[in-house]
$ cat final.cif   # mmCIF, C-alpha atoms
data_structure
loop_
_atom_site.label_atom_id
_atom_site.label_comp_id
_atom_site.auth_asym_id
_atom_site.auth_seq_id
_atom_site.Cartn_x
_atom_site.Cartn_y
_atom_site.Cartn_z
CA TRP A 1 -4.84 0.96 -13.83
CA VAL A 2 -5.38 -2.63 -14.97
CA PHE A 3 -8.82 -2.52 -13.41
CA ASP A 4 -9.49 1.03 -14.63
CA ALA A 5 -9.08 -0.24 -18.19
CA PHE A 6 -11.18 -3.31 -17.38
CA GLU A 7 -14.06 -1.15 -16.14
CA GLY A 8 -13.87 1.18 -19.11
CA GLN A 9 -13.73 -1.62 -21.66
CA LEU A 10 -16.60 -3.64 -20.18
CA TYR A 11 -19.02 -1.34 -21.98
CA ASN A 12 -17.37 -1.82 -25.37
CA ILE A 13 -17.41 -5.59 -24.90
CA THR A 14 -21.05 -5.82 -23.71
CA ARG A 15 -22.88 -3.06 -25.56
CA ALA A 16 -23.84 -5.26 -28.53
CA ASP A 17 -25.97 -7.35 -26.14
CA MET A 18 -26.94 -4.69 -23.60
CA LEU A 19 -28.18 -1.89 -25.86
CA PRO A 20 -30.73 -3.85 -27.92
CA GLN A 21 -32.21 -5.28 -24.72
CA LEU A 22 -32.56 -1.93 -22.95
CA LEU A 23 -33.65 0.02 -26.05
CA HIS A 24 -36.07 -2.74 -27.17
CA VAL A 25 -34.85 -2.64 -30.78
CA ALA A 26 -33.16 -5.02 -33.19
CA PRO A 27 -29.35 -5.40 -32.86
CA ASP A 28 -28.78 -3.72 -36.24
CA ALA A 29 -31.11 -0.76 -35.61
CA PRO A 30 -29.56 2.70 -36.24
CA LEU A 31 -30.52 3.65 -32.68
CA ILE A 32 -27.94 1.15 -31.36
CA ARG A 33 -25.03 2.92 -33.02
CA LEU A 34 -26.34 6.35 -32.03
CA TRP A 35 -26.72 5.46 -28.34
CA GLY A 36 -23.47 3.53 -28.42
CA GLU A 37 -21.57 6.71 -29.28
CA ARG A 38 -23.62 8.85 -26.90
CA LEU A 39 -22.78 6.65 -23.93
CA LEU A 40 -19.10 6.84 -24.84
CA GLY A 41 -19.47 10.63 -24.68
CA VAL A 42 -21.16 10.35 -21.28
CA PHE A 43 -18.21 8.27 -20.08
CA LEU A 44 -15.79 10.96 -21.17
CA LEU A 45 -17.81 13.64 -19.36
CA GLY A 46 -17.81 11.62 -16.14
CA GLY A 47 -14.08 11.01 -16.45
CA THR A 48 -13.55 14.74 -16.80
CA LEU A 49 -15.40 15.64 -13.62
CA GLY A 50 -13.79 12.84 -11.64
CA GLY A 51 -10.35 13.65 -12.99
CA TRP A 52 -10.62 17.30 -12.04
CA LEU A 53 -11.99 16.54 -8.57
CA PHE A 54 -9.78 13.65 -7.52
CA SER A 55 -6.55 14.99 -9.04
CA SER A 56 -6.90 18.18 -7.02
CA LEU A 57 -7.65 16.18 -3.88
CA ALA A 58 -4.57 14.01 -4.49
CA ASP A 59 -2.34 17.11 -4.31
CA ARG A 60 -4.20 18.34 -1.22
CA TRP A 61 -4.81 15.14 0.78
CA GLY A 62 -2.14 12.80 -0.59
CA ARG A 63 -1.94 10.02 -3.17
CA ARG A 64 -2.90 7.09 -0.95
CA PRO A 65 -6.39 8.02 0.37
CA VAL A 66 -7.55 9.43 -2.96
CA MET A 67 -6.42 6.37 -4.89
CA ALA A 68 -8.42 4.14 -2.55
CA LEU A 69 -11.46 6.40 -2.94
CA THR A 70 -11.34 6.33 -6.75
CA ILE A 71 -11.08 2.52 -6.80
CA LEU A 72 -14.14 2.22 -4.57
CA PHE A 73 -15.99 4.67 -6.79
CA TYR A 74 -15.58 2.82 -10.08
CA SER A 75 -15.97 -0.67 -8.55
CA LEU A 76 -19.24 0.05 -6.77
CA PHE A 77 -20.99 1.76 -9.67
CA SER A 78 -19.78 -0.80 -12.19
CA GLY A 79 -21.33 -3.55 -10.08
CA LEU A 80 -24.61 -1.63 -9.84
CA THR A 81 -24.80 -1.48 -13.65
CA ALA A 82 -25.74 -5.16 -13.57
CA PHE A 83 -29.13 -4.14 -12.13
CA ALA A 84 -29.90 -1.35 -14.62
CA THR A 85 -33.31 -1.54 -16.32
CA SER A 86 -33.11 1.47 -18.65
CA ILE A 87 -30.62 3.20 -20.90
CA GLU A 88 -30.80 6.30 -18.67
CA GLN A 89 -29.70 4.27 -15.64
CA VAL A 90 -26.78 2.83 -17.59
CA GLY A 91 -25.80 6.36 -18.64
CA ALA A 92 -25.86 7.64 -15.05
CA LEU A 93 -23.85 4.69 -13.74
CA ARG A 94 -21.29 4.88 -16.54
CA PHE A 95 -20.86 8.56 -15.69
CA LEU A 96 -20.05 7.65 -12.07
CA VAL A 97 -17.74 4.77 -13.07
CA ALA A 98 -15.87 7.21 -15.29
CA MET A 99 -15.43 9.64 -12.39
CA GLY A 100 -13.44 6.99 -10.54
CA VAL A 101 -11.47 5.93 -13.61
CA GLY A 102 -10.56 9.53 -14.52
CA GLY A 103 -9.46 10.31 -10.98
CA GLU A 104 -7.38 7.17 -10.51
CA TRP A 105 -5.36 7.79 -13.68
CA ALA A 106 -4.23 11.23 -12.49
CA VAL A 107 -3.24 9.90 -9.06
CA GLY A 108 -1.39 6.92 -10.54
CA ALA A 109 0.49 8.95 -13.14
CA ALA A 110 1.57 11.50 -10.53
CA LEU A 111 2.65 8.75 -8.13
CA VAL A 112 4.88 7.08 -10.73
CA SER A 113 6.46 10.42 -11.60
CA ASP A 114 6.98 11.17 -7.89
CA VAL A 115 8.77 7.98 -6.91
CA PHE A 116 10.92 7.04 -9.92
CA PRO A 117 14.27 8.74 -10.65
CA ALA A 118 14.66 10.68 -13.88
CA ARG A 119 16.67 7.92 -15.57
CA ALA A 120 13.80 5.41 -15.21
CA ARG A 121 10.71 7.62 -15.17
CA ALA A 122 9.82 7.36 -18.87
CA GLN A 123 10.06 3.57 -18.88
CA ALA A 124 8.10 3.36 -15.62
CA GLY A 125 5.38 5.62 -16.99
CA GLY A 126 5.18 3.51 -20.15
CA ILE A 127 4.89 0.32 -18.09
CA PHE A 128 2.22 1.93 -15.89
CA HIS A 129 0.04 2.81 -18.85
CA ALA A 130 0.79 -0.40 -20.77
CA THR A 131 -0.74 -2.44 -17.96
CA SER A 132 -4.09 -1.26 -19.32
CA VAL A 133 -3.65 -4.05 -21.89
CA ALA A 134 -4.14 -6.59 -19.12
CA GLY A 135 -7.39 -4.80 -18.26
CA LEU A 136 -8.55 -4.93 -21.87
CA TRP A 137 -7.74 -8.63 -22.04
CA LEU A 138 -9.61 -9.26 -18.80
CA ALA A 139 -12.64 -7.46 -20.20
CA ALA A 140 -12.43 -9.41 -23.47
CA ALA A 141 -12.14 -12.67 -21.52
CA ALA A 142 -15.11 -11.67 -19.36
CA GLY A 143 -17.15 -10.91 -22.49
CA LEU A 144 -16.34 -14.29 -24.00
CA ALA A 145 -17.04 -16.08 -20.71
CA VAL A 146 -20.46 -14.55 -20.07
CA GLY A 147 -21.58 -14.55 -23.70
CA THR A 148 -24.80 -12.57 -24.03
CA ASP A 149 -25.29 -12.35 -20.24
CA TRP A 150 -23.95 -8.81 -19.97
CA ARG A 151 -25.21 -8.31 -16.39
CA THR A 152 -22.79 -10.93 -15.06
CA ALA A 153 -19.89 -9.10 -16.70
CA TYR A 154 -20.71 -5.95 -14.74
CA LEU A 155 -21.01 -7.89 -11.49
CA LEU A 156 -17.37 -8.87 -11.99
CA GLY A 157 -16.57 -5.16 -12.02
CA ILE A 158 -16.99 -4.91 -8.27
CA LEU A 159 -13.95 -7.13 -7.58
CA PRO A 160 -11.32 -4.32 -7.76
CA ALA A 161 -12.76 -2.90 -4.54
CA ILE A 162 -10.60 -5.46 -2.74
CA LEU A 163 -7.56 -3.43 -3.88
CA CYS A 164 -8.50 -0.66 -1.49
CA VAL A 165 -7.29 -2.70 1.48
CA TRP A 166 -3.84 -3.06 -0.08
CA VAL A 167 -3.68 0.58 -1.19
CA ARG A 168 -4.43 1.82 2.32
CA ALA A 169 -1.97 -0.58 3.95
CA GLY A 170 0.87 -0.83 1.44
CA LEU A 171 1.38 2.56 -0.21
CA GLN A 172 3.44 5.35 1.32
CA GLU A 173 3.17 9.02 0.40
CA PRO A 174 6.08 10.16 -1.84
CA GLU A 175 8.68 12.31 -0.10
CA SER A 176 8.65 14.85 -2.96
CA TRP A 177 4.93 15.44 -2.39
CA ARG A 178 5.42 15.77 1.37
CA ARG A 179 8.07 18.46 0.89
CA ALA A 180 6.05 20.30 -1.75
CA LYS A 181 2.96 20.25 0.46
CA LEU A 182 4.94 21.91 3.27
CA GLU A 183 6.52 24.50 0.95
CA HIS A 184 3.32 25.37 -0.96
CA PRO A 185 0.43 24.62 1.43
CA GLU A 186 -1.96 27.12 -0.19
CA GLN A 187 -1.15 26.26 -3.80
CA ALA A 188 -1.22 22.46 -3.51
CA GLY A 189 -4.03 21.13 -5.70
CA SER A 190 -5.19 24.62 -6.68
CA PHE A 191 -6.54 25.11 -10.20
CA ARG A 192 -6.13 28.84 -9.68
CA ALA A 193 -2.41 28.40 -9.04
CA LEU A 194 -2.20 26.15 -12.08
CA LEU A 195 -3.97 28.46 -14.54
CA GLN A 196 -2.83 31.85 -13.28
CA ASP A 197 0.86 31.04 -13.74
CA LYS A 198 1.67 31.54 -17.41
CA ARG A 199 4.33 28.82 -17.30
CA TYR A 200 1.78 26.19 -16.36
CA ARG A 201 -1.30 27.60 -18.08
CA GLY A 202 0.06 27.13 -21.60
CA ARG A 203 1.24 23.61 -20.78
CA ALA A 204 -2.14 22.71 -19.29
CA ILE A 205 -4.05 23.95 -22.34
CA GLY A 206 -1.68 22.36 -24.86
CA GLY A 207 -1.69 19.09 -22.94
CA ALA A 208 -5.50 19.11 -22.86
CA ILE A 209 -5.69 19.47 -26.64
CA LEU A 210 -3.14 16.68 -27.08
CA ALA A 211 -5.19 14.43 -24.79
CA MET A 212 -8.40 15.38 -26.61
CA VAL A 213 -6.93 14.04 -29.85
CA GLY A 214 -5.93 10.76 -28.21
CA LEU A 215 -9.23 10.23 -26.40
CA ALA A 216 -11.46 11.21 -29.32
CA THR A 217 -9.53 8.93 -31.66
CA PHE A 218 -9.48 6.08 -29.12
CA TRP A 219 -13.25 5.94 -28.73
CA GLY A 220 -14.06 7.06 -32.27
CA VAL A 221 -11.33 5.25 -34.23
CA VAL A 222 -9.31 2.73 -32.21
CA VAL A 223 -12.24 0.79 -30.75
CA ALA A 224 -13.77 0.75 -34.24
CA GLY A 225 -11.26 -2.00 -35.00
CA GLN A 226 -13.83 -4.40 -33.54
CA ASP A 227 -16.73 -3.03 -35.61
CA LEU A 228 -14.66 -2.92 -38.81
CA THR A 229 -13.62 -6.53 -38.32
CA ALA A 230 -17.23 -7.55 -37.66
CA GLU A 231 -18.37 -5.86 -40.88
CA LEU A 232 -15.60 -7.54 -42.85
CA LEU A 233 -16.55 -10.97 -41.48
CA LYS A 234 -20.26 -10.41 -42.06
CA GLY A 235 -19.45 -9.52 -45.64
CA LEU A 236 -17.63 -12.84 -45.84
CA GLN A 237 -20.75 -14.49 -44.33
CA ASP A 238 -18.84 -15.81 -41.35
CA PRO A 239 -21.33 -17.08 -38.71
CA ALA A 240 -18.80 -16.41 -35.91
CA ALA A 241 -18.32 -12.76 -36.88
CA THR A 242 -19.16 -11.33 -33.43
CA ALA A 243 -16.84 -13.64 -31.45
CA LYS A 244 -13.99 -13.31 -33.96
CA SER A 245 -14.23 -9.52 -34.01
CA ARG A 246 -14.04 -9.43 -30.20
CA ILE A 247 -10.90 -11.54 -30.30
CA ALA A 248 -9.40 -9.43 -33.10
CA PHE A 249 -9.83 -6.23 -31.12
CA GLY A 250 -9.65 -7.47 -27.53
CA PHE A 251 -6.53 -9.59 -27.96
CA VAL A 252 -4.79 -9.10 -31.34
CA GLN A 253 -5.06 -5.32 -31.74
CA THR A 254 -4.61 -4.77 -28.03
CA ALA A 255 -1.39 -6.80 -28.01
CA GLY A 256 0.07 -4.36 -30.54
CA ALA A 257 -1.17 -1.47 -28.43
CA GLY A 258 0.54 -2.87 -25.35
CA ILE A 259 3.85 -3.19 -27.17
CA GLY A 260 3.46 0.38 -28.43
CA MET A 261 2.85 1.70 -24.92
CA LEU A 262 5.84 -0.21 -23.55
CA CYS A 263 8.02 1.16 -26.34
CA PHE A 264 6.91 4.76 -25.88
CA GLY A 265 9.17 5.27 -22.87
CA THR A 266 12.28 3.93 -24.61
CA LEU A 267 11.52 5.84 -27.82
CA SER A 268 10.94 9.05 -25.88
CA GLU A 269 14.40 8.77 -24.32
CA LYS A 270 15.90 8.60 -27.81
CA LEU A 271 13.60 10.86 -29.85
CA GLY A 272 12.35 13.08 -27.05
CA ARG A 273 8.78 13.25 -25.78
CA ARG A 274 7.57 15.47 -28.62
CA GLY A 275 9.43 13.49 -31.29
CA THR A 276 7.81 10.24 -30.17
CA PHE A 277 4.36 11.82 -30.06
CA ALA A 278 4.91 13.14 -33.60
CA LEU A 279 5.94 9.70 -34.90
CA MET A 280 2.92 8.03 -33.28
CA HIS A 281 0.42 10.60 -34.58
CA LEU A 282 1.82 10.51 -38.09
CA MET A 283 1.77 6.72 -38.38
CA ALA A 284 -1.71 6.50 -36.84
CA ALA A 285 -3.01 9.00 -39.41
CA VAL A 286 -1.54 6.88 -42.20
CA LEU A 287 -2.74 3.51 -40.86
CA THR A 288 -6.34 4.53 -40.16
CA PRO A 289 -7.45 4.54 -43.82
CA VAL A 290 -5.33 1.43 -44.40
CA ILE A 291 -7.32 -0.72 -41.94
CA CYS A 292 -10.57 0.82 -43.17
CA TRP A 293 -10.09 -0.09 -46.82
CA VAL A 294 -7.26 -2.51 -47.61
CA PRO A 295 -8.64 -5.69 -45.91
CA PHE A 296 -12.05 -4.99 -47.45
CA HIS A 297 -10.52 -4.58 -50.89
CA TYR A 298 -8.85 -7.98 -50.63
CA HIS A 299 -11.74 -9.56 -48.63
CA SER A 300 -9.12 -10.85 -46.20
CA TYR A 301 -9.62 -11.49 -42.50
CA PRO A 302 -5.97 -12.68 -42.07
CA LEU A 303 -4.79 -9.37 -43.53
CA MET A 304 -6.95 -7.48 -41.03
CA LEU A 305 -5.38 -9.53 -38.22
CA CYS A 306 -1.91 -8.55 -39.46
CA LEU A 307 -2.75 -4.84 -39.69
CA LEU A 308 -4.63 -4.39 -36.40
CA PRO A 309 -1.58 -4.85 -34.08
CA LEU A 310 0.42 -2.35 -36.13
CA PHE A 311 -2.46 0.10 -35.97
CA GLY A 312 -2.80 -0.45 -32.22
CA PHE A 313 0.95 0.08 -31.72
CA PHE A 314 0.75 3.66 -32.98
CA ALA A 315 -2.87 4.77 -32.50
CA GLN A 316 -3.17 3.49 -28.92
CA GLY A 317 0.52 3.51 -28.01
CA ILE A 318 0.22 7.31 -27.90
CA HIS A 319 -1.61 7.06 -24.60
CA ALA A 320 1.44 5.93 -22.63
CA GLY A 321 2.97 9.29 -23.47
CA TYR A 322 0.34 11.10 -21.41
CA ALA A 323 1.37 9.24 -18.24
CA ILE A 324 5.02 10.08 -18.96
CA TYR A 325 4.75 13.62 -20.29
CA PHE A 326 1.94 15.36 -18.41
CA PRO A 327 3.35 14.90 -14.86
CA GLU A 328 6.74 16.20 -16.07
CA LEU A 329 5.15 19.49 -17.10
CA PHE A 330 4.28 20.48 -13.50
CA PRO A 331 5.94 20.70 -10.05
CA PRO A 332 5.05 18.16 -7.31
CA HIS A 333 2.47 20.33 -5.51
CA LEU A 334 0.55 20.67 -8.80
CA ARG A 335 1.59 17.40 -10.44
CA ALA A 336 -1.63 15.41 -10.08
CA THR A 337 -3.71 18.54 -10.63
CA GLY A 338 -1.86 19.47 -13.82
CA ALA A 339 -1.77 15.93 -15.23
CA GLY A 340 -5.42 15.48 -14.32
CA PHE A 341 -6.34 18.78 -15.93
CA CYS A 342 -4.60 17.85 -19.18
CA PHE A 343 -5.99 14.35 -19.45
CA ASN A 344 -9.50 15.06 -18.23
CA THR A 345 -10.04 18.39 -19.94
CA GLY A 346 -9.09 16.39 -23.01
CA ARG A 347 -12.02 14.12 -22.15
CA ILE A 348 -14.56 16.94 -22.08
CA LEU A 349 -13.20 18.36 -25.32
CA ALA A 350 -13.49 14.92 -26.92
CA ALA A 351 -17.02 14.26 -25.64
CA PRO A 352 -18.87 16.53 -28.13
CA MET A 353 -16.92 14.93 -30.96
CA LEU A 354 -18.30 11.56 -29.89
CA ILE A 355 -21.83 12.61 -28.93
CA TRP A 356 -22.43 14.59 -32.10
CA GLY A 357 -19.51 14.24 -34.50
CA SER A 358 -18.61 10.56 -34.31
CA ALA A 359 -22.18 9.40 -33.64
CA GLU A 360 -23.61 11.38 -36.55
CA LEU A 361 -20.85 10.40 -38.96
CA LYS A 362 -21.25 6.70 -38.16
CA LEU A 363 -25.04 7.04 -38.46
CA ARG A 364 -25.02 8.85 -41.82
CA LEU A 365 -21.97 7.33 -43.52
CA PRO A 366 -20.66 3.79 -44.04
CA LEU A 367 -18.43 2.85 -41.14
CA GLN A 368 -15.27 2.80 -43.26
CA GLN A 369 -15.82 6.35 -44.47
CA ALA A 370 -16.72 7.65 -41.00
CA VAL A 371 -13.65 6.14 -39.31
CA THR A 372 -11.38 7.40 -42.09
CA LEU A 373 -12.64 10.96 -41.57
CA LEU A 374 -12.29 10.71 -37.79
CA GLY A 375 -8.71 9.53 -38.26
CA GLY A 376 -7.90 13.01 -39.52
CA LEU A 377 -7.87 14.11 -35.87
CA PHE A 378 -4.39 12.61 -35.53
CA VAL A 379 -3.12 15.46 -37.71
CA LEU A 380 -4.37 17.96 -35.11
CA GLY A 381 -2.05 16.34 -32.58
CA LEU A 382 0.90 17.07 -34.85
CA LEU A 383 -0.08 20.75 -34.99
CA VAL A 384 -0.17 21.11 -31.17
CA LEU A 385 3.25 19.61 -30.43
CA PRO A 386 5.42 22.61 -31.45
CA TRP A 387 3.71 24.72 -28.76
CA LEU A 388 4.64 22.38 -25.92
CA PRO A 389 8.07 22.07 -24.23
CA GLU A 390 10.44 19.13 -24.42
CA THR A 391 10.87 17.59 -20.94
CA ARG A 392 13.44 14.88 -21.64
CA HIS A 393 16.44 15.08 -19.27
CA ARG A 394 14.72 17.67 -17.08
CA GLY A 395 14.90 15.56 -13.95
CA ASN A 396 12.31 15.52 -11.21
CA SER A 397 12.74 19.15 -10.23
CA GLN A 398 10.38 21.03 -7.98
CA THR A 399 9.71 23.63 -10.66
CA PRO A 400 9.85 23.06 -14.45
CA ASP A 401 12.15 25.26 -16.46
CA PRO A 402 10.28 28.58 -16.83
CA SER A 403 12.19 29.53 -19.97
CA ASN A 404 10.54 26.80 -22.11
#
$ encode --input "final.cif" --output "structure tokens"
Amino acid sequence: WVFDAFEGQLYNITRADMLPQLLHVAPDAPLIRLWGERLLGVFLLGGTLGGWLFSSLADRWGRRPVMALTILFYSLFSGLTAFATSIEQVGALRFLVAMGVGGEWAVGAALVSDVFPARARAQAGGIFHATSVAGLWLAAAAGLAVGTDWRTAYLLGILPAILCVWVRAGLQEPESWRRAKLEHPEQAGSFRALLQDKRYRGRAIGGAILAMVGLATFWGVVVAGQDLTAELLKGLQDPAATAKSRIAFGFVQTAGAGIGMLCFGTLSEKLGRRGTFALMHLMAAVLTPVICWVPFHYHSYPLMLCLLPLFGFFAQGIHAGYAIYFPELFPPHLRATGAGFCFNTGRILAAPMLIWGSAELKLRLPLQQAVTLLGGLFVLGLLVLPWLPETRHRGNSQTPDPSN
């Protein structure tokens, strides 16, 4: 998951240099922002397809071979991006990278839920997802190291392929999956079994909407921390605006996000899964307009640096909850399939918001206004939560409680 996040974030770190070169326009041309959002939407679409495909295969074939396959997928196509000569080629390769990233998340989340006992599962899931911070830091460090040479950054993306050797040799299939595969050989990994059962269908749909909110706000709002900081610094006529904004997002804001993801597991044991999601969504909705307007009002870069970690704690800390909550909603023979359906259907629901909604808003409105409006999506997450069950203290049972 460290390298999943690294591969996903490479684009955000390098697009300021890559897009003007491939589109043959000035760095501040409106076309840059439009294509920037479109390619984020393409990434979400690829993650959806890969998540659906590989999560189903993980319940059918096992966690180990599918995890190795997804790592190979995103590593190979990330490396090939270094040789792209057109924006269409970048779009196609980012789609394929996303397939591997989307699939690996579902396998990893299911594996953590399979092997950890109930008393430690929430903390383990939070740790699993929080390791994405290391991936974001690696990507930020790669961006600073290569400067404007974006092709070299993508060549580094092929390194995670080495992990496949360890995955194949070191991981063992969870015993809970082995038993479930024997007991439900026809249903394992079946989307029909998932969606025809009313117990699981409602959870899958509700989880997908919850994930949609998190993914749309991540790419439309959370990563805008870098662009907002850059605009603030340019307004202050700081010649190092680009480098400082990368550090502000890639290290400062992301540090707060990592702490938020680590804390989600502990908070969810005290407040419940739904209670913690509600707290995170509410605070993210409040903090979005704060980072959009308050530092600009005071013309203060230090103030922005103080607010970004707090914003990251809540707005990005939400994501650890998906790794904890979604696998708990489904039995072992549908665990990866169900978690993958929730997270990756959320991707495809978020994609139109980025391709048309976020891209158009950021093209037609000042960035501060556009991000503030997009932050309203956090409220939608609050409205979905009452329709989903609370899974705290359920244990790692073969079948979730049908009464909830």
$ atom_distance --input "final.cif" --atom1 "atom CA of A:Ser78" --atom2 "atom CA of A:Val66"
18.4 Å
$ closest_residue --input "final.cif" --among "A:Ala98, A:Ala208, A:Leu171, A:Leu271" --to "A:Val115" --atoms "all atoms listed in the file"
A:Leu171
$ residues_around --input "final.cif" --residues "stretch 228-234 of chain A" --least-positions-apart "5" --cutoff "9 Å" --atoms "only C-alpha atoms" --output "list in words"
Pro239, Ala240, Ala241, Thr242, Ala243, Lys244, Ser245, Arg246, Ala248, Phe249, Ile291, Cys292, Pro295, Phe296, His299, Ser300, Tyr301, Met304, Leu305, Leu367 and Gln368 of chain A
$ resolve_selection --input "final.cif" --expression "the PyMOL selection byres ((chain A and resi 92) around 12)" --output "ChimeraX atom specification"
/A:39-43,45-46,77-78,80-81,84-91,93-99
$ atom_distance --input "final.cif" --atom1 "atom CA of A:Arg63" --atom2 "atom CA of A:Gly108"
8.0 Å
$ closest_residue --input "final.cif" --among "A:Thr345, A:Asp197, A:Met353, A:Trp177" --to "A:Asp114" --atoms "only C-alpha atoms"
A:Trp177
$ atom_distance --input "final.cif" --atom1 "atom CA of A:Cys164" --atom2 "atom CA of A:Ala68"
4.9 Å
$ build_atoms --input "final.cif" --residues "stretch 263-276 of chain A" --atoms "N, CA, C and O atoms" --output "mmCIF file, in the coordinates of the input"
data_model
loop_
_atom_site.group_PDB
_atom_site.id
_atom_site.type_symbol
_atom_site.label_atom_id
_atom_site.label_comp_id
_atom_site.auth_asym_id
_atom_site.auth_seq_id
_atom_site.Cartn_x
_atom_site.Cartn_y
_atom_site.Cartn_z
ATOM 1 N N CYS A 263 6.922 0.571 -25.570
ATOM 2 C CA CYS A 263 8.020 1.160 -26.340
ATOM 3 C C CYS A 263 8.054 2.672 -26.263
ATOM 4 O O CYS A 263 9.103 3.273 -26.563
ATOM 5 N N PHE A 264 6.937 3.298 -25.885
ATOM 6 C CA PHE A 264 6.910 4.760 -25.880
ATOM 7 C C PHE A 264 7.990 5.336 -24.974
ATOM 8 O O PHE A 264 8.663 6.306 -25.334
ATOM 9 N N GLY A 265 8.172 4.747 -23.796
ATOM 10 C CA GLY A 265 9.170 5.270 -22.870
ATOM 11 C C GLY A 265 10.568 5.219 -23.446
ATOM 12 O O GLY A 265 11.324 6.197 -23.385
ATOM 13 N N THR A 266 10.947 4.072 -24.020
ATOM 14 C CA THR A 266 12.280 3.930 -24.610
ATOM 15 C C THR A 266 12.457 4.867 -25.799
ATOM 16 O O THR A 266 13.498 5.524 -25.944
ATOM 17 N N LEU A 267 11.440 4.946 -26.662
ATOM 18 C CA LEU A 267 11.520 5.840 -27.820
ATOM 19 C C LEU A 267 11.640 7.297 -27.389
ATOM 20 O O LEU A 267 12.383 8.080 -27.985
ATOM 21 N N SER A 268 10.916 7.654 -26.318
ATOM 22 C CA SER A 268 10.940 9.050 -25.880
ATOM 23 C C SER A 268 12.267 9.447 -25.259
ATOM 24 O O SER A 268 12.595 10.632 -25.187
ATOM 25 N N GLU A 269 13.057 8.480 -24.805
ATOM 26 C CA GLU A 269 14.400 8.770 -24.320
ATOM 27 C C GLU A 269 15.365 8.999 -25.485
ATOM 28 O O GLU A 269 16.365 9.682 -25.342
ATOM 29 N N LYS A 270 15.045 8.433 -26.635
ATOM 30 C CA LYS A 270 15.900 8.600 -27.810
ATOM 31 C C LYS A 270 15.453 9.755 -28.693
ATOM 32 O O LYS A 270 16.276 10.545 -29.171
ATOM 33 N N LEU A 271 14.144 9.846 -28.941
ATOM 34 C CA LEU A 271 13.600 10.860 -29.850
ATOM 35 C C LEU A 271 13.072 12.089 -29.131
ATOM 36 O O LEU A 271 12.743 13.083 -29.781
ATOM 37 N N GLY A 272 13.004 12.030 -27.805
ATOM 38 C CA GLY A 272 12.350 13.080 -27.050
ATOM 39 C C GLY A 272 10.862 12.803 -26.935
ATOM 40 O O GLY A 272 10.305 12.003 -27.694
ATOM 41 N N ARG A 273 10.222 13.483 -25.959
ATOM 42 C CA ARG A 273 8.780 13.250 -25.780
ATOM 43 C C ARG A 273 8.009 13.720 -27.002
ATOM 44 O O ARG A 273 7.146 13.023 -27.525
ATOM 45 N N ARG A 274 8.302 14.920 -27.481
ATOM 46 C CA ARG A 274 7.570 15.470 -28.620
ATOM 47 C C ARG A 274 7.849 14.674 -29.900
ATOM 48 O O ARG A 274 6.939 14.463 -30.711
ATOM 49 N N GLY A 275 9.093 14.254 -30.098
ATOM 50 C CA GLY A 275 9.430 13.490 -31.290
ATOM 51 C C GLY A 275 8.680 12.172 -31.359
ATOM 52 O O GLY A 275 8.220 11.743 -32.429
ATOM 53 N N THR A 276 8.533 11.512 -30.206
ATOM 54 C CA THR A 276 7.810 10.240 -30.170
ATOM 55 C C THR A 276 6.322 10.448 -30.401
ATOM 56 O O THR A 276 5.678 9.683 -31.129
#
